[in-house]
$ cat work.tsv   # TSV, C-alpha atoms
chain	number	residue	atom	x	y	z
A	4	MET	CA	0.00	0.00	0.00
A	5	GLY	CA	1.66	3.21	-1.14
A	6	LEU	CA	1.55	6.18	1.17
A	7	ILE	CA	0.79	9.75	0.18
A	8	VAL	CA	1.85	12.51	2.52
A	9	PRO	CA	-1.01	15.02	2.44
A	10	PRO	CA	-0.12	18.70	2.28
A	11	VAL	CA	-0.36	20.86	5.36
A	12	SER	CA	-2.61	23.87	5.09
A	13	ALA	CA	-0.85	26.98	6.36
A	14	GLU	CA	-4.18	28.67	6.89
A	15	SER	CA	-5.73	25.99	9.08
A	16	GLY	CA	-2.62	24.52	10.66
A	17	PHE	CA	-3.74	20.89	10.24
A	18	THR	CA	-3.22	18.28	7.56
A	19	THR	CA	-5.50	18.17	4.55
A	20	GLY	CA	-5.49	16.01	1.46
A	21	PHE	CA	-7.10	12.94	-0.05
A	22	VAL	CA	-7.57	9.27	0.75
A	23	GLY	CA	-7.68	7.80	-2.71
A	24	ARG	CA	-9.98	10.18	-4.57
A	25	ILE	CA	-11.96	11.26	-1.51
A	26	PRO	CA	-11.10	14.56	0.19
A	27	VAL	CA	-10.29	14.14	3.87
A	28	ARG	CA	-12.87	16.79	4.77
A	29	ASN	CA	-15.57	14.58	3.20
A	30	LEU	CA	-14.33	11.56	5.12
A	31	TRP	CA	-14.68	13.64	8.29
A	32	LEU	CA	-18.31	14.28	7.37
A	33	LEU	CA	-18.92	10.55	6.83
A	34	MET	CA	-17.33	9.88	10.23
A	35	LEU	CA	-19.76	12.31	11.84
A	36	TYR	CA	-22.72	10.57	10.18
A	37	ALA	CA	-21.42	7.18	11.33
A	38	SER	CA	-20.70	8.24	14.91
A	39	ASP	CA	-22.94	7.90	17.95
A	40	LEU	CA	-22.77	11.69	18.36
A	41	PHE	CA	-24.92	12.06	15.25
A	42	ARG	CA	-27.53	9.46	16.19
A	43	PRO	CA	-30.83	10.33	17.87
A	44	GLY	CA	-30.20	11.29	21.46
A	45	GLY	CA	-26.75	12.65	20.66
A	46	ILE	CA	-25.62	16.00	19.30
A	47	ALA	CA	-26.00	16.37	15.55
A	48	HIS	CA	-24.46	19.78	14.84
A	49	VAL	CA	-25.52	19.55	11.22
A	50	ALA	CA	-24.11	23.02	10.58
A	51	VAL	CA	-20.72	21.40	9.95
A	52	GLU	CA	-22.14	19.95	6.74
A	53	GLU	CA	-21.50	23.34	5.17
A	54	SER	CA	-17.98	23.55	6.61
A	55	PRO	CA	-16.63	20.17	7.76
A	56	ASP	CA	-13.18	21.72	8.21
A	57	GLU	CA	-14.59	22.94	11.52
A	58	LEU	CA	-15.42	19.41	12.62
A	59	PRO	CA	-12.12	18.76	14.47
A	60	ASP	CA	-12.65	21.89	16.57
A	61	LEU	CA	-16.24	20.90	17.32
A	62	VAL	CA	-15.32	17.34	18.30
A	63	ALA	CA	-12.35	18.57	20.35
A	64	GLU	CA	-14.64	20.93	22.26
A	65	LEU	CA	-17.23	18.22	22.89
A	66	LEU	CA	-14.57	15.77	24.03
A	67	ALA	CA	-12.88	18.33	26.27
A	68	HIS	CA	-16.17	19.21	27.94
A	69	ALA	CA	-16.98	15.52	28.51
A	70	VAL	CA	-13.55	14.83	30.00
A	71	GLU	CA	-13.70	17.89	32.25
A	72	THR	CA	-17.06	16.70	33.56
A	73	ARG	CA	-15.69	13.23	34.27
A	74	LEU	CA	-12.54	14.59	35.93
A	75	HIS	CA	-14.67	16.66	38.30
A	76	ARG	CA	-16.67	13.56	39.23
A	77	GLN	CA	-13.74	11.07	39.12
A	78	LEU	CA	-12.87	8.94	36.12
A	79	SER	CA	-14.32	5.44	36.06
A	80	LEU	CA	-12.22	2.72	37.63
A	81	GLY	CA	-11.72	-0.79	36.34
A	82	TYR	CA	-9.95	-4.00	37.19
A	83	ARG	CA	-6.68	-4.97	35.52
A	84	SER	CA	-4.68	-8.19	35.86
A	85	ARG	CA	-1.36	-8.02	37.69
A	86	GLU	CA	1.42	-10.59	38.22
A	87	GLU	CA	3.94	-9.93	41.00
A	88	TRP	CA	6.32	-11.67	43.38
A	89	LEU	CA	5.11	-10.76	46.85
A	90	SER	CA	6.05	-11.55	50.44
A	91	ARG	CA	2.43	-12.43	51.21
A	92	VAL	CA	-0.32	-14.08	49.21
A	93	ARG	CA	-2.60	-11.85	47.17
A	94	GLY	CA	-5.15	-13.29	44.80
A	95	ARG	CA	-4.16	-16.62	43.24
A	96	ILE	CA	-0.79	-18.31	43.63
A	97	ASP	CA	1.12	-19.12	40.46
A	98	VAL	CA	2.47	-22.43	41.67
A	99	LEU	CA	4.55	-23.20	38.57
A	100	THR	CA	6.41	-19.88	38.64
A	101	THR	CA	6.87	-20.06	42.41
A	102	GLU	CA	8.47	-23.50	42.19
A	103	ARG	CA	10.51	-22.85	39.06
A	104	ARG	CA	12.00	-19.64	40.45
A	105	GLN	CA	12.39	-21.16	43.95
A	106	LEU	CA	10.70	-18.07	45.36
A	107	LEU	CA	9.78	-19.72	48.68
A	108	ASP	CA	13.49	-19.92	49.54
A	109	ARG	CA	13.53	-16.12	49.39
A	110	GLY	CA	10.30	-15.66	51.28
A	111	LEU	CA	8.33	-14.76	48.14
A	112	VAL	CA	5.40	-16.18	46.23
A	113	ALA	CA	4.24	-15.50	42.65
A	114	CYS	CA	0.71	-14.05	42.69
A	115	ARG	CA	-1.90	-13.19	40.10
A	116	TYR	CA	-4.60	-10.76	41.15
A	117	GLU	CA	-7.03	-8.14	39.93
A	118	GLU	CA	-6.35	-4.54	40.91
A	119	LEU	CA	-8.79	-1.65	40.81
A	120	SER	CA	-7.15	1.07	38.73
A	121	ILE	CA	-7.84	4.33	36.92
A	122	ASP	CA	-5.42	3.27	34.16
A	123	THR	CA	-8.09	1.37	32.20
A	124	PRO	CA	-8.12	0.79	28.41
A	125	ARG	CA	-11.13	3.12	28.14
A	126	ASN	CA	-9.40	6.00	29.94
A	127	ARG	CA	-6.19	5.45	27.95
A	128	PHE	CA	-8.22	5.55	24.74
A	129	VAL	CA	-9.79	8.89	25.75
A	130	ARG	CA	-6.37	10.33	26.63
A	131	ALA	CA	-4.98	9.27	23.24
A	132	ALA	CA	-7.99	10.83	21.50
A	133	LEU	CA	-7.33	14.15	23.27
A	134	GLU	CA	-3.74	14.08	22.07
A	135	SER	CA	-4.78	13.22	18.50
A	136	VAL	CA	-7.49	15.83	18.11
A	137	ALA	CA	-5.27	18.52	19.64
A	138	ARG	CA	-3.04	18.21	16.56
A	139	LEU	CA	-6.03	18.78	14.25
A	140	ALA	CA	-7.77	21.66	16.03
A	141	LYS	CA	-7.44	25.02	14.30
A	142	LYS	CA	-8.15	27.14	17.36
A	143	PRO	CA	-5.09	27.34	19.65
A	144	THR	CA	-7.25	27.63	22.77
A	145	ILE	CA	-9.07	24.37	22.03
A	146	ALA	CA	-5.84	22.57	21.14
A	147	HIS	CA	-4.24	23.76	24.39
A	148	ARG	CA	-7.31	22.69	26.35
A	149	CYS	CA	-7.10	19.16	24.95
A	150	ARG	CA	-3.38	18.86	25.61
A	151	SER	CA	-3.85	20.10	29.18
A	152	LEU	CA	-6.60	17.57	29.82
A	153	ALA	CA	-4.45	14.75	28.41
A	154	ALA	CA	-1.64	15.83	30.74
A	155	ALA	CA	-4.07	15.93	33.67
A	156	MET	CA	-5.16	12.36	32.92
A	157	ARG	CA	-1.52	11.25	32.82
A	158	ALA	CA	-0.88	12.97	36.15
A	159	ARG	CA	-3.80	11.05	37.68
A	160	GLY	CA	-2.35	7.74	36.57
A	161	VAL	CA	-3.75	7.17	33.05
A	162	ALA	CA	-0.29	6.55	31.63
A	163	GLY	CA	-0.44	3.22	29.79
A	164	GLN	CA	-0.36	2.58	26.06
A	165	PRO	CA	-3.62	3.22	24.14
A	166	PRO	CA	-5.68	0.07	23.53
A	167	THR	CA	-6.12	-1.49	20.13
A	168	ARG	CA	-9.38	-1.21	18.21
A	169	ALA	CA	-10.09	-4.85	18.99
A	170	GLN	CA	-9.80	-4.13	22.72
A	171	MET	CA	-12.09	-1.12	22.46
A	172	SER	CA	-14.67	-3.04	20.43
A	173	ALA	CA	-14.98	-5.42	23.39
A	174	ASP	CA	-15.60	-2.54	25.82
A	175	ARG	CA	-19.07	-2.69	27.38
A	176	PHE	CA	-20.89	-0.13	29.48
A	177	GLY	CA	-22.62	-1.04	32.72
A	178	ARG	CA	-25.10	0.90	34.81
A	179	HIS	CA	-22.34	2.33	36.97
A	180	ASP	CA	-20.37	3.81	34.05
A	181	ALA	CA	-23.14	4.93	31.68
A	182	ASP	CA	-21.87	8.50	32.03
A	183	ASP	CA	-18.80	7.48	30.03
A	184	GLN	CA	-20.79	6.75	26.86
A	185	PHE	CA	-20.84	10.30	25.51
A	186	MET	CA	-17.15	10.79	26.33
A	187	VAL	CA	-16.15	7.56	24.58
A	188	ALA	CA	-18.34	8.37	21.55
A	189	ALA	CA	-16.58	11.73	21.21
A	190	ALA	CA	-13.20	10.04	21.69
A	191	ARG	CA	-13.93	7.49	18.94
A	192	LEU	CA	-14.80	10.25	16.50
A	193	ALA	CA	-11.80	12.37	17.53
A	194	TYR	CA	-9.47	9.40	17.16
A	195	ASP	CA	-10.89	8.49	13.75
A	196	LEU	CA	-10.51	12.03	12.43
A	197	ALA	CA	-6.73	11.70	12.67
A	198	LEU	CA	-6.57	8.43	10.71
A	199	PRO	CA	-6.97	9.71	7.13
A	200	THR	CA	-4.52	12.57	7.74
A	201	GLU	CA	-1.81	10.29	9.09
A	202	SER	CA	-1.94	7.62	6.41
A	203	ALA	CA	-3.54	8.17	3.02
A	204	GLY	CA	-3.28	5.66	0.20
A	205	GLY	CA	-3.95	5.92	-3.51
A	206	ASN	CA	-6.24	4.10	-5.95
A	207	LEU	CA	-8.76	3.48	-3.20
A	208	LEU	CA	-11.66	2.54	-5.46
A	209	ALA	CA	-9.59	0.36	-7.77
A	210	MET	CA	-7.33	-1.70	-5.51
A	211	PRO	CA	-8.33	-3.92	-2.59
A	212	GLY	CA	-6.58	-3.26	0.69
A	213	ARG	CA	-6.85	-2.22	4.28
A	214	GLU	CA	-7.88	1.34	3.49
A	215	GLU	CA	-10.59	0.23	1.08
A	216	ALA	CA	-12.11	-2.10	3.68
A	217	TRP	CA	-12.05	0.68	6.27
A	218	VAL	CA	-13.74	3.26	4.02
A	219	ARG	CA	-16.25	0.66	2.81
A	220	ARG	CA	-17.40	0.04	6.38
A	221	LEU	CA	-17.41	3.78	7.03
A	222	PHE	CA	-19.58	4.40	3.95
A	223	GLU	CA	-22.13	1.82	5.09
A	224	ARG	CA	-22.31	3.16	8.65
A	225	ALA	CA	-22.46	6.77	7.47
A	226	VAL	CA	-25.40	6.12	5.15
A	227	GLY	CA	-27.26	4.34	7.96
A	228	GLY	CA	-26.52	7.14	10.41
A	229	LEU	CA	-27.66	9.88	8.04
A	230	TYR	CA	-30.89	8.10	7.14
A	231	ALA	CA	-31.65	7.38	10.81
A	232	VAL	CA	-31.29	11.04	11.78
A	233	ALA	CA	-32.76	12.68	8.68
A	234	LEU	CA	-35.76	10.37	8.17
A	235	SER	CA	-36.88	9.52	11.72
A	236	PRO	CA	-38.66	12.87	12.25
A	237	PHE	CA	-40.82	12.08	9.19
A	238	GLY	CA	-42.05	8.73	10.46
A	239	TRP	CA	-39.41	6.47	8.97
A	240	HIS	CA	-37.98	3.56	10.93
A	241	VAL	CA	-34.38	2.68	10.04
A	242	ARG	CA	-32.93	-0.75	10.83
A	243	CYS	CA	-29.23	-1.21	10.19
A	244	GLY	CA	-27.88	-4.72	9.76
A	245	ALA	CA	-31.39	-6.20	9.50
A	246	THR	CA	-31.60	-9.98	9.03
A	247	LEU	CA	-34.16	-11.43	6.61
A	248	GLN	CA	-35.51	-14.96	7.03
A	249	TRP	CA	-35.56	-17.59	4.32
A	250	GLN	CA	-38.99	-19.12	3.56
A	251	ILE	CA	-37.96	-22.71	4.27
A	252	THR	CA	-40.49	-25.51	3.78
A	253	SER	CA	-38.10	-28.39	4.51
A	254	LYS	CA	-34.39	-28.96	5.10
A	255	THR	CA	-31.88	-31.68	5.82
A	256	SER	CA	-30.30	-32.06	9.24
A	257	GLY	CA	-27.02	-30.36	8.37
A	258	MET	CA	-28.40	-27.41	6.44
A	259	ASP	CA	-28.54	-25.05	9.44
A	260	SER	CA	-24.76	-25.21	9.78
A	261	ILE	CA	-24.08	-24.15	6.18
A	262	LEU	CA	-27.07	-22.01	5.10
A	263	PRO	CA	-25.92	-18.37	4.78
A	264	ALA	CA	-27.88	-15.65	6.51
A	265	MET	CA	-29.53	-12.83	4.58
A	266	ARG	CA	-28.25	-9.70	6.28
A	267	THR	CA	-29.00	-6.36	4.65
A	268	ASP	CA	-27.11	-3.15	5.26
A	269	MET	CA	-30.32	-1.33	6.20
A	270	VAL	CA	-34.10	-1.43	5.84
A	271	LEU	CA	-36.14	1.78	5.74
A	272	ASP	CA	-39.82	1.48	6.67
A	273	HIS	CA	-42.56	4.11	6.44
A	274	ALA	CA	-45.78	2.55	7.74
A	275	ASP	CA	-48.07	5.47	6.86
A	276	SER	CA	-47.22	5.36	3.16
A	277	GLY	CA	-46.67	1.59	3.06
A	278	ARG	CA	-43.10	1.97	1.79
A	279	ARG	CA	-40.15	-0.27	2.51
A	280	ILE	CA	-36.71	0.30	0.96
A	281	VAL	CA	-34.01	-2.34	1.32
A	282	VAL	CA	-30.63	-0.61	0.95
A	283	ASP	CA	-27.38	-2.35	0.08
A	284	THR	CA	-24.18	-0.30	-0.08
A	285	LYS	CA	-21.13	-1.41	-2.05
A	286	PHE	CA	-17.79	0.37	-2.20
A	287	THR	CA	-17.01	-0.61	-5.79
A	288	SER	CA	-17.92	0.65	-9.22
A	289	ILE	CA	-21.61	0.01	-9.88
A	290	VAL	CA	-20.90	-1.22	-13.43
A	291	THR	CA	-18.31	-3.50	-14.99
A	292	ALA	CA	-17.43	-4.67	-18.47
A	293	GLY	CA	-20.23	-6.79	-19.93
A	294	TRP	CA	-20.69	-9.30	-22.74
A	295	TYR	CA	-20.68	-7.51	-26.12
A	296	ARG	CA	-21.01	-4.08	-24.47
A	297	GLU	CA	-18.78	-1.64	-22.69
A	298	GLN	CA	-20.50	-1.75	-19.31
A	299	SER	CA	-23.09	-3.70	-17.37
A	300	LEU	CA	-24.50	-3.70	-13.88
A	301	ARG	CA	-22.70	-6.14	-11.62
A	302	SER	CA	-24.98	-9.17	-11.87
A	303	GLY	CA	-24.10	-10.58	-8.43
A	304	TYR	CA	-25.28	-7.44	-6.67
A	305	LEU	CA	-28.54	-7.40	-8.66
A	306	TYR	CA	-29.19	-11.08	-7.89
A	307	GLN	CA	-28.51	-10.39	-4.20
A	308	MET	CA	-31.02	-7.53	-4.07
A	309	TYR	CA	-33.60	-9.62	-5.95
A	310	ALA	CA	-33.21	-12.36	-3.33
A	311	TYR	CA	-33.65	-9.85	-0.52
A	312	LEU	CA	-36.93	-8.62	-2.01
A	313	GLN	CA	-38.57	-11.66	-3.58
A	314	SER	CA	-37.76	-14.04	-0.70
A	315	GLN	CA	-39.96	-12.02	1.63
A	316	VAL	CA	-43.09	-11.95	-0.54
A	317	GLY	CA	-46.11	-13.79	0.83
A	318	CYS	CA	-45.01	-13.74	4.47
A	319	GLY	CA	-48.02	-11.70	5.56
A	320	ASP	CA	-46.13	-8.40	5.66
A	321	PRO	CA	-47.65	-5.83	3.24
A	322	LEU	CA	-44.47	-3.74	3.35
A	323	ALA	CA	-42.41	-6.72	2.18
A	324	ASP	CA	-44.86	-7.56	-0.62
A	325	ALA	CA	-44.34	-4.14	-2.22
A	326	ALA	CA	-40.77	-3.42	-1.10
A	327	SER	CA	-38.26	-1.65	-3.30
A	328	GLY	CA	-34.49	-1.94	-3.38
A	329	LEU	CA	-31.62	0.54	-3.56
A	330	LEU	CA	-28.12	-0.43	-4.66
A	331	LEU	CA	-25.94	2.46	-3.52
A	332	HIS	CA	-22.37	2.86	-4.75
A	333	PRO	CA	-19.80	5.66	-4.82
A	334	ALA	CA	-19.42	7.28	-8.22
A	335	VAL	CA	-16.36	6.17	-10.17
A	336	GLY	CA	-16.00	8.42	-13.19
A	337	GLN	CA	-19.73	8.80	-13.84
A	338	MET	CA	-23.03	9.31	-12.03
A	339	ILE	CA	-25.75	6.69	-12.47
A	340	ASP	CA	-29.37	6.76	-11.29
A	341	GLU	CA	-31.52	4.13	-13.00
A	342	THR	CA	-34.53	2.07	-11.91
A	343	VAL	CA	-35.97	-1.24	-13.10
A	344	VAL	CA	-39.17	-2.93	-11.88
A	345	ILE	CA	-38.79	-6.72	-11.55
A	346	GLN	CA	-41.88	-8.74	-10.53
A	347	GLY	CA	-43.41	-5.65	-8.95
A	348	HIS	CA	-40.28	-4.58	-7.04
A	349	PRO	CA	-38.59	-1.33	-8.13
A	350	ILE	CA	-34.82	-1.67	-7.87
A	351	ARG	CA	-32.90	1.58	-8.04
A	352	CYS	CA	-29.18	1.65	-8.88
A	353	ALA	CA	-27.62	4.95	-7.84
A	354	THR	CA	-24.25	6.46	-7.16
A	355	VAL	CA	-23.03	9.14	-4.76
A	356	ASP	CA	-20.17	11.45	-5.64
A	357	LEU	CA	-17.94	11.41	-2.55
A	358	THR	CA	-15.72	14.07	-4.09
A	359	ALA	CA	-18.59	16.60	-4.19
A	360	LYS	CA	-19.18	19.36	-1.68
A	361	PRO	CA	-20.33	17.96	1.68
A	362	ALA	CA	-23.80	19.51	1.48
A	363	GLU	CA	-24.26	17.97	-1.96
A	364	ILE	CA	-23.26	14.52	-0.67
A	365	ARG	CA	-26.04	14.75	1.92
A	366	ALA	CA	-28.52	15.91	-0.72
A	367	GLN	CA	-27.58	13.05	-3.06
A	368	LEU	CA	-28.07	10.46	-0.32
A	369	LEU	CA	-31.51	11.84	0.49
A	370	ARG	CA	-32.53	12.00	-3.17
A	371	CYS	CA	-31.76	8.30	-3.52
A	372	ILE	CA	-34.72	7.35	-1.34
A	373	GLU	CA	-37.31	9.55	-3.03
A	374	VAL	CA	-40.34	7.94	-4.70
A	375	GLN	CA	-39.10	5.36	-7.19
A	376	ARG	CA	-39.69	6.17	-10.83

$ encode --input "work.tsv" --output "structure tokens"
Amino acid sequence: MGLIVPPVSAESGFTTGFVGRIPVRNLWLLMLYASDLFRPGGIAHVAVEESPDELPDLVAELLAHAVETRLHRQLSLGYRSREEWLSRVRGRIDVLTTERRQLLDRGLVACRYEELSIDTPRNRFVRAALESVARLAKKPTIAHRCRSLAAAMRARGVAGQPPTRAQMSADRFGRHDADDQFMVAAARLAYDLALPTESAGGNLLAMPGREEAWVRRLFERAVGGLYAVALSPFGWHVRCGATLQWQITSKTSGMDSILPAMRTDMVLDHADSGRRIVVDTKFTSIVTAGWYREQSLRSGYLYQMYAYLQSQVGCGDPLADAASGLLLHPAVGQMIDETVVIQGHPIRCATVDLTAKPAEIRAQLLRCIEVQR
């Protein structure tokens, strides 16, 4: 994966550039749409759609406020595993180590125990997010505020290495630490904002790789987040990662272990108008070379959408009987917006130009779920 060092804007003081063909500022907007801060119950701040360059300052301010609130009330504590040679037993005895090292001859015993500590993976993640977003903030006062809070967390004992994404994905909130949810949501967004400016690769839409997989997941989550926020006030119900059931009349004993699940990216329901739209996002070109013609829709994607729609007919759900589909792709060289009706199901194939102005990206996504032609 080749690296491109993005230019540094003298006016803003932070790194700008492109990841593949997508401007970093547009990726920041997608990150906002995908984040928990944008979901219902959070803080939308849709004004940044006109100027996403201000997003790092906004996120830095939100994160700083959340951390200040938690510092005033004491950061959450957590248990961490420790292994030490002690003069008295604490926790469980590591018999093998004790015998192998002949610790008893020295009056010691190897112990494994859990210790309540402020230096938890969650708190280390928040501290790292403060340090990352401080480098992106345009306003010196906000950058200084974030750096000071990161230093304050270090002084209180949050000094370990930041956790990996896998470790953070396993983090769960309990009733006693629910107040951390907003802080961690802001930290996730702040941490993600720094990623495209630190490592940007080329040919994103043409070559498979780590960056393509990351932006593909981001695109899917961003579309779901935008639709959830923008459509909910108008009576729409948005389900992301919805699972559809096969209409099975009989099966052999081993079929359950090999039958694939039908999991859609999102399903949009509007009960009052009787509309259901099954949305499937793909981060590839919507067309490819076809037989005896220059381009053709990717047949596998069309077959997949047809299965999503037709497999649900006759289940007693009126919305499923008349459902429509939307195949949503980023634009690669050309914009496409075409619809075909197959066995009563309109299937729309549309693209979104992720290189357009941020407000236009939002408008394109909303136009894609208008009444099917």

$ closest_residue --input "work.tsv" --among "A:Ala154, A:Met269, A:Ala190, A:Val218" --to "Met171 in chain A" --atoms "all atoms listed in the file"
A:Ala190

$ closest_residue --input "work.tsv" --among "A:Leu99, A:Ala334, A:Val129, A:Ala231" --to "Val270 in chain A" --atoms "only C-alpha atoms"
A:Ala231

$ residues_around --input "work.tsv" --residues "range 303-306 of chain A" --least-positions-apart "2" --cutoff "12 Å" --atoms "only C-alpha atoms" --output "PDB file with C-alpha atoms, in the coordinates of the input"
ATOM      1  CA  THR A 267     -29.000  -6.360   4.650  1.00  0.00           C
ATOM      2  CA  VAL A 282     -30.630  -0.610   0.950  1.00  0.00           C
ATOM      3  CA  ASP A 283     -27.380  -2.350   0.080  1.00  0.00           C
ATOM      4  CA  THR A 284     -24.180  -0.300  -0.080  1.00  0.00           C
ATOM      5  CA  LYS A 285     -21.130  -1.410  -2.050  1.00  0.00           C
ATOM      6  CA  PHE A 286     -17.790   0.370  -2.200  1.00  0.00           C
ATOM      7  CA  THR A 287     -17.010  -0.610  -5.790  1.00  0.00           C
ATOM      8  CA  SER A 288     -17.920   0.650  -9.220  1.00  0.00           C
ATOM      9  CA  ILE A 289     -21.610   0.010  -9.880  1.00  0.00           C
ATOM     10  CA  VAL A 290     -20.900  -1.220 -13.430  1.00  0.00           C
ATOM     11  CA  THR A 291     -18.310  -3.500 -14.990  1.00  0.00           C
ATOM     12  CA  SER A 299     -23.090  -3.700 -17.370  1.00  0.00           C
ATOM     13  CA  LEU A 300     -24.500  -3.700 -13.880  1.00  0.00           C
ATOM     14  CA  ARG A 301     -22.700  -6.140 -11.620  1.00  0.00           C
ATOM     15  CA  MET A 308     -31.020  -7.530  -4.070  1.00  0.00           C
ATOM     16  CA  TYR A 309     -33.600  -9.620  -5.950  1.00  0.00           C
ATOM     17  CA  ALA A 310     -33.210 -12.360  -3.330  1.00  0.00           C
ATOM     18  CA  TYR A 311     -33.650  -9.850  -0.520  1.00  0.00           C
ATOM     19  CA  LEU A 312     -36.930  -8.620  -2.010  1.00  0.00           C
ATOM     20  CA  GLN A 313     -38.570 -11.660  -3.580  1.00  0.00           C
ATOM     21  CA  SER A 314     -37.760 -14.040  -0.700  1.00  0.00           C
ATOM     22  CA  GLY A 328     -34.490  -1.940  -3.380  1.00  0.00           C
ATOM     23  CA  LEU A 329     -31.620   0.540  -3.560  1.00  0.00           C
ATOM     24  CA  LEU A 330     -28.120  -0.430  -4.660  1.00  0.00           C
ATOM     25  CA  LEU A 331     -25.940   2.460  -3.520  1.00  0.00           C
ATOM     26  CA  HIS A 332     -22.370   2.860  -4.750  1.00  0.00           C
ATOM     27  CA  THR A 342     -34.530   2.070 -11.910  1.00  0.00           C
ATOM     28  CA  VAL A 343     -35.970  -1.240 -13.100  1.00  0.00           C
ATOM     29  CA  VAL A 344     -39.170  -2.930 -11.880  1.00  0.00           C
ATOM     30  CA  ILE A 345     -38.790  -6.720 -11.550  1.00  0.00           C
ATOM     31  CA  PRO A 349     -38.590  -1.330  -8.130  1.00  0.00           C
ATOM     32  CA  ILE A 350     -34.820  -1.670  -7.870  1.00  0.00           C
ATOM     33  CA  ARG A 351     -32.900   1.580  -8.040  1.00  0.00           C
ATOM     34  CA  CYS A 352     -29.180   1.650  -8.880  1.00  0.00           C
TER      35      CYS A 352
END

$ closest_residue --input "work.tsv" --among "A:Arg28, A:His179, A:His273, A:Arg220" --to "Ser235 in chain A" --atoms "only C-alpha atoms"
A:His273

$ atom_distance --input "work.tsv" --atom1 "CA of Val226 in chain A" --atom2 "CA of Gln250 in chain A"
28.7 Å

$ closest_residue --input "work.tsv" --among "A:Cys318, A:Leu65, A:Arg85, A:Ser151" --to "Asp97 in chain A" --atoms "only C-alpha atoms"
A:Arg85

$ residues_around --input "work.tsv" --residues "Phe222 in chain A" --least-positions-apart "6" --cutoff "12 Å" --atoms "all atoms listed in the file" --output "list in words"
Ile25, Asn29, Leu30, Trp31, Leu32, Leu33, Met34, Leu35, Tyr36, Ala37, Ser38, Glu215, Ala216, Gly228, Leu229, Asp268, Asp283, Thr284, Lys285, Phe286, Thr287, Leu331, His332, Pro333, Val355, Asp356, Leu357, Ile364 and Leu368 of chain A

$ residues_near_point --input "work.tsv" --point "(-11.2, -1.1, 21.1)" --cutoff "12 Å" --atoms "only C-alpha atoms" --output "PDB file with C-alpha atoms, in the frame of the given file"
ATOM      1  CA  THR A 123      -8.090   1.370  32.200  1.00  0.00           C
ATOM      2  CA  PRO A 124      -8.120   0.790  28.410  1.00  0.00           C
ATOM      3  CA  ARG A 125     -11.130   3.120  28.140  1.00  0.00           C
ATOM      4  CA  ASN A 126      -9.400   6.000  29.940  1.00  0.00           C
ATOM      5  CA  ARG A 127      -6.190   5.450  27.950  1.00  0.00           C
ATOM      6  CA  PHE A 128      -8.220   5.550  24.740  1.00  0.00           C
ATOM      7  CA  VAL A 129      -9.790   8.890  25.750  1.00  0.00           C
ATOM      8  CA  PRO A 165      -3.620   3.220  24.140  1.00  0.00           C
ATOM      9  CA  PRO A 166      -5.680   0.070  23.530  1.00  0.00           C
ATOM     10  CA  THR A 167      -6.120  -1.490  20.130  1.00  0.00           C
ATOM     11  CA  ARG A 168      -9.380  -1.210  18.210  1.00  0.00           C
ATOM     12  CA  ALA A 169     -10.090  -4.850  18.990  1.00  0.00           C
ATOM     13  CA  GLN A 170      -9.800  -4.130  22.720  1.00  0.00           C
ATOM     14  CA  MET A 171     -12.090  -1.120  22.460  1.00  0.00           C
ATOM     15  CA  SER A 172     -14.670  -3.040  20.430  1.00  0.00           C
ATOM     16  CA  ALA A 173     -14.980  -5.420  23.390  1.00  0.00           C
ATOM     17  CA  ASP A 174     -15.600  -2.540  25.820  1.00  0.00           C
ATOM     18  CA  ARG A 175     -19.070  -2.690  27.380  1.00  0.00           C
ATOM     19  CA  VAL A 187     -16.150   7.560  24.580  1.00  0.00           C
ATOM     20  CA  ALA A 188     -18.340   8.370  21.550  1.00  0.00           C
ATOM     21  CA  ALA A 190     -13.200  10.040  21.690  1.00  0.00           C
ATOM     22  CA  ARG A 191     -13.930   7.490  18.940  1.00  0.00           C
ATOM     23  CA  TYR A 194      -9.470   9.400  17.160  1.00  0.00           C
TER      24      TYR A 194
END
